[in-house]
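> Before I ask anything, let me first share the structure, which is written out below as structure tokens.
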Amino acid sequence: MRQKIIAGNWKMNLDLDQGKELLIKIIDSDLNSNCVTIVAPPYIHLNSFKMLLSHTNIALAAQNCHQQDSGAYTGEISVEMLKSVGVEYVILGHSERREYFQEDSIAISFKVKNVINHGLRPIYCCGETLAERQEGEHFITIETQIKQGLFHLNEMELLNCVIAYEPVWAIGTGETASPEQAQEIHKFIRNTIAKEYGGMVANNISILYGGSVKPANAKELFTCPDIDGGLIGGAALDADNFKALTDSF
Ligand code: PGA
């Protein structure tokens with residue numbers, strides 16, 4: 001079902017004590033309950049966060065997972081393991097994973113399927129680079145990422161996914177896509193899904209925008225008809241900003 005969502009991607013920031021301190025401030029900040037709120041801290045925080053979040057509406061996400069259930073994959077974490085510490089969502093295909101860890105949409109599609117098979121929800125990221133936008137290739141890039149990463153799913157499985165459009169040139173740069181640029185791509189993503197799965201599926205998927213979202217620009221982005229919320233990096237590391245973002249709908 002299409003929902004308003006604010007998801008904080010903490011990336012590789014904050015040790016466990018610092019993370020708990022931020023989480024407690026977020027819990028105490030009386031978040032707007034009209035949207036789903038999600039925090040995605042580093043793996044090592046997840047188990048203690050499960051306890052801290054047990055009497056709240058805040059959901060827990062992981063920033064990655066492995067596509068196999070168990071085995072000799074040194075350094076990796078399986079979806080079952082994530083599930084055992086209360087994780088409900090898994091961010092997949094973030095541009096930093098694509099760039100620094102050579103993950104492509106086909107490889108990510110296996111992770112997507114594994115997350116779905118275990119009853120968790122992927123937050124599947126897509127987005128073009130600056131060069132791709134300048135060359136006018138952004139639509140084909142997004143279409144390919146969506147098709148390769150998600151179109152192996154059936155309707156019910158796809159409805160369990162959240163999509164995040166994150167133009168690479170806007171991530172951590174202070175540069176935000178204009179509401180018109182973001183809306184154009186969000187509508188394009190929805191149309192791409194509608195062509196394959198029909199309008200009902202397309203209209204029931206939450207599509208988040210990500211890339212330098214902050215309280216000052218959130219409202220105008222979130223009022224666009226096809227933008228259902230945000231995947232937030234830097235601004236999610238401050239409890240006041242995070243609360244203000246949930247108040248931006
Ligand atoms: P940013 O990161 O808000 O710091 O630009 C967004 C993201 O990478 O998800």
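Ordered as shown in the structure tokens, chains take letters A, B, and onward, while each chain numbers its residues from 1 and ligands are numbered from 1 in the order shown.
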Let me see if you get this right: every residue at most 7 Å from ligand 1, counting only C-alpha atoms and all ligand atoms, written as a list in words.
Asn9, Glu166, Ala170, Ile171, Gly172, Thr173, Gly174, Gly210, Gly211, Ser212, Val213, Leu231, Ile232, Gly233, Gly234 and Ala235 of chain A
> Generate a file of the selected residues that holds C-alpha atoms, formatted as a JSON list (two decimals), in the first residue's frame.

```
[["chain", "number", "residue", "atom", "x", "y", "z"],
["A", 9, "ASN", "CA", 20.03, 6.30, 6.08],
["A", 166, "GLU", "CA", 18.26, 9.26, -5.73],
["A", 170, "ALA", "CA", 22.38, 15.19, -5.50],
["A", 171, "ILE", "CA", 23.62, 12.77, -2.82],
["A", 172, "GLY", "CA", 25.60, 14.47, -0.07],
["A", 173, "THR", "CA", 26.39, 17.38, -2.41],
["A", 174, "GLY", "CA", 23.92, 19.98, -1.13],
["A", 210, "GLY", "CA", 16.66, 11.15, -1.87],
["A", 211, "GLY", "CA", 19.54, 13.56, -2.35],
["A", 212, "SER", "CA", 20.27, 16.47, 0.00],
["A", 213, "VAL", "CA", 16.74, 16.53, 1.41],
["A", 231, "LEU", "CA", 15.34, 8.65, 1.94],
["A", 232, "ILE", "CA", 17.50, 10.99, 3.96],
["A", 233, "GLY", "CA", 21.24, 10.85, 4.63],
["A", 234, "GLY", "CA", 22.95, 13.82, 6.28],
["A", 235, "ALA", "CA", 19.83, 15.49, 7.68]]
```
> In range 73-202 of chain A, what's strand (DSSP E or B) per DSSP? Answer as a PyMOL selection string?
chain A and resi 87-92+121-126+162-165
> I need the residue nearest Pro41 in chain A from this list: A:Lys11, A:Gly199, A:Ile27, A:Gln68. Use only C-alpha atoms for the distance.
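Among the listed residues, A:Lys11 lies closest to Pro41 in chain A.
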> With a distance cut-off of 9 Å and only C-alpha atoms, select the neighbouring residues of Phe242 in chain A, excluding the residue or stretch itself and same-chain residues fewer than 3 positions from it, and output the selection as a ChimeraX atom specification.
/A:6,8,26,31,214-215,232,235-239,245-247
> For the selection just defined, write its residues with all heavy atoms to a file, as a CSV table (one decimal), in the first residue's frame.

```
chain,number,residue,atom,x,y,z
A,6,ILE,N,9.4,8.5,5.8
A,6,ILE,CA,10.6,9.2,6.0
A,6,ILE,C,11.6,8.1,6.5
A,6,ILE,O,11.4,7.5,7.6
A,6,ILE,CB,10.5,10.3,7.1
A,6,ILE,CG1,9.7,11.5,6.5
A,6,ILE,CG2,11.9,10.8,7.4
A,6,ILE,CD1,10.3,12.3,5.4
A,8,GLY,N,15.6,7.3,7.4
A,8,GLY,CA,17.0,7.9,7.7
A,8,GLY,C,18.0,6.9,7.4
A,8,GLY,O,18.1,5.8,8.0
A,26,ILE,N,15.6,10.9,18.9
A,26,ILE,CA,14.5,10.8,17.9
A,26,ILE,C,13.2,10.2,18.5
A,26,ILE,O,12.1,10.7,18.2
A,26,ILE,CB,15.0,9.9,16.7
A,26,ILE,CG1,16.1,10.6,15.9
A,26,ILE,CG2,13.9,9.5,15.8
A,26,ILE,CD1,16.8,9.8,14.8
A,31,LEU,N,7.5,12.4,17.0
A,31,LEU,CA,7.5,12.4,15.5
A,31,LEU,C,6.1,12.4,15.0
A,31,LEU,O,5.2,11.8,15.6
A,31,LEU,CB,8.2,11.1,15.0
A,31,LEU,CG,9.7,10.9,15.2
A,31,LEU,CD1,10.1,9.6,14.8
A,31,LEU,CD2,10.5,12.0,14.6
A,214,LYS,N,16.4,18.2,3.1
A,214,LYS,CA,16.5,18.8,4.5
A,214,LYS,C,15.1,19.5,4.7
A,214,LYS,O,14.3,19.7,3.8
A,214,LYS,CB,17.7,19.7,4.6
A,214,LYS,CG,17.9,20.7,3.4
A,214,LYS,CD,19.2,21.4,3.6
A,214,LYS,CE,19.4,22.4,2.4
A,214,LYS,NZ,19.8,21.7,1.2
A,215,PRO,N,14.9,19.9,6.0
A,215,PRO,CA,13.6,20.5,6.3
A,215,PRO,C,13.3,21.7,5.4
A,215,PRO,O,12.2,21.9,5.0
A,215,PRO,CB,13.8,21.0,7.7
A,215,PRO,CG,14.8,20.0,8.3
A,215,PRO,CD,15.7,19.7,7.2
A,232,ILE,N,16.7,9.8,3.5
A,232,ILE,CA,17.5,11.0,4.0
A,232,ILE,C,18.8,10.5,4.5
A,232,ILE,O,18.9,9.7,5.4
A,232,ILE,CB,16.7,11.7,5.1
A,232,ILE,CG1,15.2,11.7,4.9
A,232,ILE,CG2,17.3,13.1,5.3
A,232,ILE,CD1,14.7,12.6,3.9
A,235,ALA,N,20.8,14.8,6.8
A,235,ALA,CA,19.8,15.5,7.7
A,235,ALA,C,19.2,14.5,8.7
A,235,ALA,O,18.6,15.0,9.7
A,235,ALA,CB,18.7,16.2,6.9
A,236,ALA,N,19.3,13.2,8.4
A,236,ALA,CA,18.8,12.2,9.4
A,236,ALA,C,19.7,12.0,10.6
A,236,ALA,O,19.3,11.3,11.5
A,236,ALA,CB,18.5,10.9,8.6
A,237,LEU,N,20.8,12.6,10.6
A,237,LEU,CA,21.8,12.4,11.7
A,237,LEU,C,21.5,13.5,12.8
A,237,LEU,O,22.3,13.6,13.7
A,237,LEU,CB,23.2,12.5,11.2
A,237,LEU,CG,23.6,11.3,10.3
A,237,LEU,CD1,25.0,11.5,9.7
A,237,LEU,CD2,23.6,10.0,11.1
A,238,ASP,N,20.5,14.3,12.7
A,238,ASP,CA,20.1,15.3,13.6
A,238,ASP,C,18.6,15.1,14.0
A,238,ASP,O,17.8,15.1,13.1
A,238,ASP,CB,20.4,16.7,13.0
A,238,ASP,CG,20.0,17.8,13.9
A,238,ASP,OD1,18.7,18.1,14.0
A,238,ASP,OD2,20.9,18.4,14.5
A,239,ALA,N,18.4,14.9,15.3
A,239,ALA,CA,17.0,14.5,15.7
A,239,ALA,C,16.0,15.6,15.4
A,239,ALA,O,14.9,15.3,15.0
A,239,ALA,CB,17.0,14.2,17.2
A,245,LEU,N,11.5,16.8,9.3
A,245,LEU,CA,11.2,16.1,8.0
A,245,LEU,C,9.8,15.3,8.1
A,245,LEU,O,9.1,15.3,7.1
A,245,LEU,CB,12.3,15.2,7.6
A,245,LEU,CG,13.6,15.9,7.2
A,245,LEU,CD1,14.8,15.0,7.2
A,245,LEU,CD2,13.4,16.5,5.8
A,246,THR,N,9.6,14.7,9.2
A,246,THR,CA,8.3,14.0,9.4
A,246,THR,C,7.1,15.0,9.4
A,246,THR,O,6.0,14.6,9.1
A,246,THR,CB,8.3,13.0,10.6
A,246,THR,OG1,8.3,13.8,11.8
A,246,THR,CG2,9.4,12.1,10.6
A,247,ASP,N,7.4,16.2,9.8
A,247,ASP,CA,6.4,17.2,9.8
A,247,ASP,C,6.2,17.9,8.5
A,247,ASP,O,5.4,18.8,8.4
A,247,ASP,CB,6.7,18.3,10.9
A,247,ASP,CG,6.6,17.8,12.3
A,247,ASP,OD1,5.7,16.9,12.5
A,247,ASP,OD2,7.3,18.3,13.2
```
> Can you list, as a ChimeraX atom specification, every residue of range 31-221 of chain A that DSSP puts in helix (DSSP H, G or I)?
/A:43-52,79-84,95-100,105-117,130-134,138-150,155-159,168-170,179-197,199-203,215-221
> Have a look at CA of Val87 in chain A and CA of Thr56 in chain A and let me know their distance in Å, one decimal.
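Between CA of Val87 in chain A and CA of Thr56 in chain A the gap works out to 13.9 Å.
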> One number please: CA of Ile193 in chain A to CA of Phe151 in chain A, in Å, one decimal.
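We find that CA of Ile193 in chain A and CA of Phe151 in chain A lie 8.5 Å from each other.
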> For range 73-84 of chain A, find every residue with an atom within 10 Å (counting only C-alpha atoms), except residues of its own chain fewer than 3 positions away, and show them as a VMD selection string.
chain A and resid 43 46 to 47 50 60 to 62 64 to 70 87 to 90 111 114 to 120
> For Leu23 in chain A, find every residue with an atom within 9 Å (counting only C-alpha atoms), except residues of its own chain fewer than 4 positions away, and show them as a list in words.
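Once the adjacent positions are removed, what remains is Gln18, Gly19, Ile27, Asp28, Val39, Phe49, Leu52, Leu53 and Ala239 of chain A.
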> May I have the residues from that selection written out with N, CA, C and O atoms, as a PDB file, in the first residue's frame?

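Wrote result-v9.pdb, looks like this:
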```
ATOM      1  N   GLN A  18      27.015   6.741  20.379  1.00  0.00           N
ATOM      2  CA  GLN A  18      26.499   7.921  19.665  1.00  0.00           C
ATOM      3  C   GLN A  18      25.185   7.601  18.960  1.00  0.00           C
ATOM      4  O   GLN A  18      24.252   8.409  18.934  1.00  0.00           O
ATOM      5  N   GLY A  19      25.112   6.395  18.418  1.00  0.00           N
ATOM      6  CA  GLY A  19      23.899   5.975  17.721  1.00  0.00           C
ATOM      7  C   GLY A  19      22.721   5.876  18.678  1.00  0.00           C
ATOM      8  O   GLY A  19      21.620   6.332  18.379  1.00  0.00           O
ATOM      9  N   ILE A  27      13.385   9.203  19.326  1.00  0.00           N
ATOM     10  CA  ILE A  27      12.209   8.599  19.960  1.00  0.00           C
ATOM     11  C   ILE A  27      11.470   9.645  20.805  1.00  0.00           C
ATOM     12  O   ILE A  27      10.249   9.707  20.824  1.00  0.00           O
ATOM     13  N   ASP A  28      12.254  10.495  21.506  1.00  0.00           N
ATOM     14  CA  ASP A  28      11.646  11.492  22.399  1.00  0.00           C
ATOM     15  C   ASP A  28      11.112  12.712  21.664  1.00  0.00           C
ATOM     16  O   ASP A  28      10.581  13.626  22.297  1.00  0.00           O
ATOM     17  N   VAL A  39      14.510   3.978  10.534  1.00  0.00           N
ATOM     18  CA  VAL A  39      15.931   4.321  10.689  1.00  0.00           C
ATOM     19  C   VAL A  39      16.786   3.149  10.211  1.00  0.00           C
ATOM     20  O   VAL A  39      16.497   1.986  10.493  1.00  0.00           O
ATOM     21  N   PHE A  49      19.063  -1.467  19.013  1.00  0.00           N
ATOM     22  CA  PHE A  49      17.974  -0.586  18.583  1.00  0.00           C
ATOM     23  C   PHE A  49      16.627  -1.300  18.645  1.00  0.00           C
ATOM     24  O   PHE A  49      15.601  -0.684  18.885  1.00  0.00           O
ATOM     25  N   LEU A  52      15.287  -0.678  22.010  1.00  0.00           N
ATOM     26  CA  LEU A  52      14.919   0.721  22.218  1.00  0.00           C
ATOM     27  C   LEU A  52      13.644   1.092  21.441  1.00  0.00           C
ATOM     28  O   LEU A  52      12.882   1.958  21.864  1.00  0.00           O
ATOM     29  N   LEU A  53      13.431   0.417  20.316  1.00  0.00           N
ATOM     30  CA  LEU A  53      12.286   0.776  19.469  1.00  0.00           C
ATOM     31  C   LEU A  53      11.036  -0.041  19.767  1.00  0.00           C
ATOM     32  O   LEU A  53       9.988   0.176  19.158  1.00  0.00           O
ATOM     33  N   ALA A 239      18.359  14.890  15.299  1.00  0.00           N
ATOM     34  CA  ALA A 239      16.995  14.537  15.710  1.00  0.00           C
ATOM     35  C   ALA A 239      15.996  15.638  15.368  1.00  0.00           C
ATOM     36  O   ALA A 239      14.867  15.341  14.952  1.00  0.00           O
TER      37      ALA A 239
END
```
> Rank A:Thr176, A:Gln63, A:Asn34, A:Pro225 by their smallest atom-to-atom distance to Ile123 in chain A, using only C-alpha atoms, and report the top residue only.
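Checking each candidate against Ile123 in chain A, we get A:Gln63 as the closest.
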> With only C-alpha atoms as the atoms that count, which of A:Ile44, A:Arg98, A:Asp104, A:Glu137 lies nearest to Val85 in chain A?
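Among A:Ile44, A:Arg98, A:Asp104, A:Glu137, it is A:Ile44 that comes nearest to Val85 in chain A.
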> Smallest atom-to-atom distance to Glu21 in chain A: which of A:His94, A:His45, A:Lys219, A:His186, using only C-alpha atoms?
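Residue with the minimum atom-to-atom distance to Glu21 in chain A: A:His45.
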> Between A:Asn191, A:Asn203, A:Thr223, A:Asn32, which has the minimum distance to Pro179 in chain A (counting only C-alpha atoms)?
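Ranked by minimum distance to Pro179 in chain A, first place goes to A:Thr223.
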> Met200 in chain A: which residues within 10 Å, counting only C-alpha atoms, same-chain residues fewer than 4 positions away excluded, as number ranges by chain?
A: 155, 159, 193-194, 204-205
> Excluding same-chain residues fewer than 6 positions from Gln148 in chain A, what lies within 12 Å of it counting only C-alpha atoms, as a PyMOL selection string?
chain A and resi 93+104-110+112-113+124+126+140-142
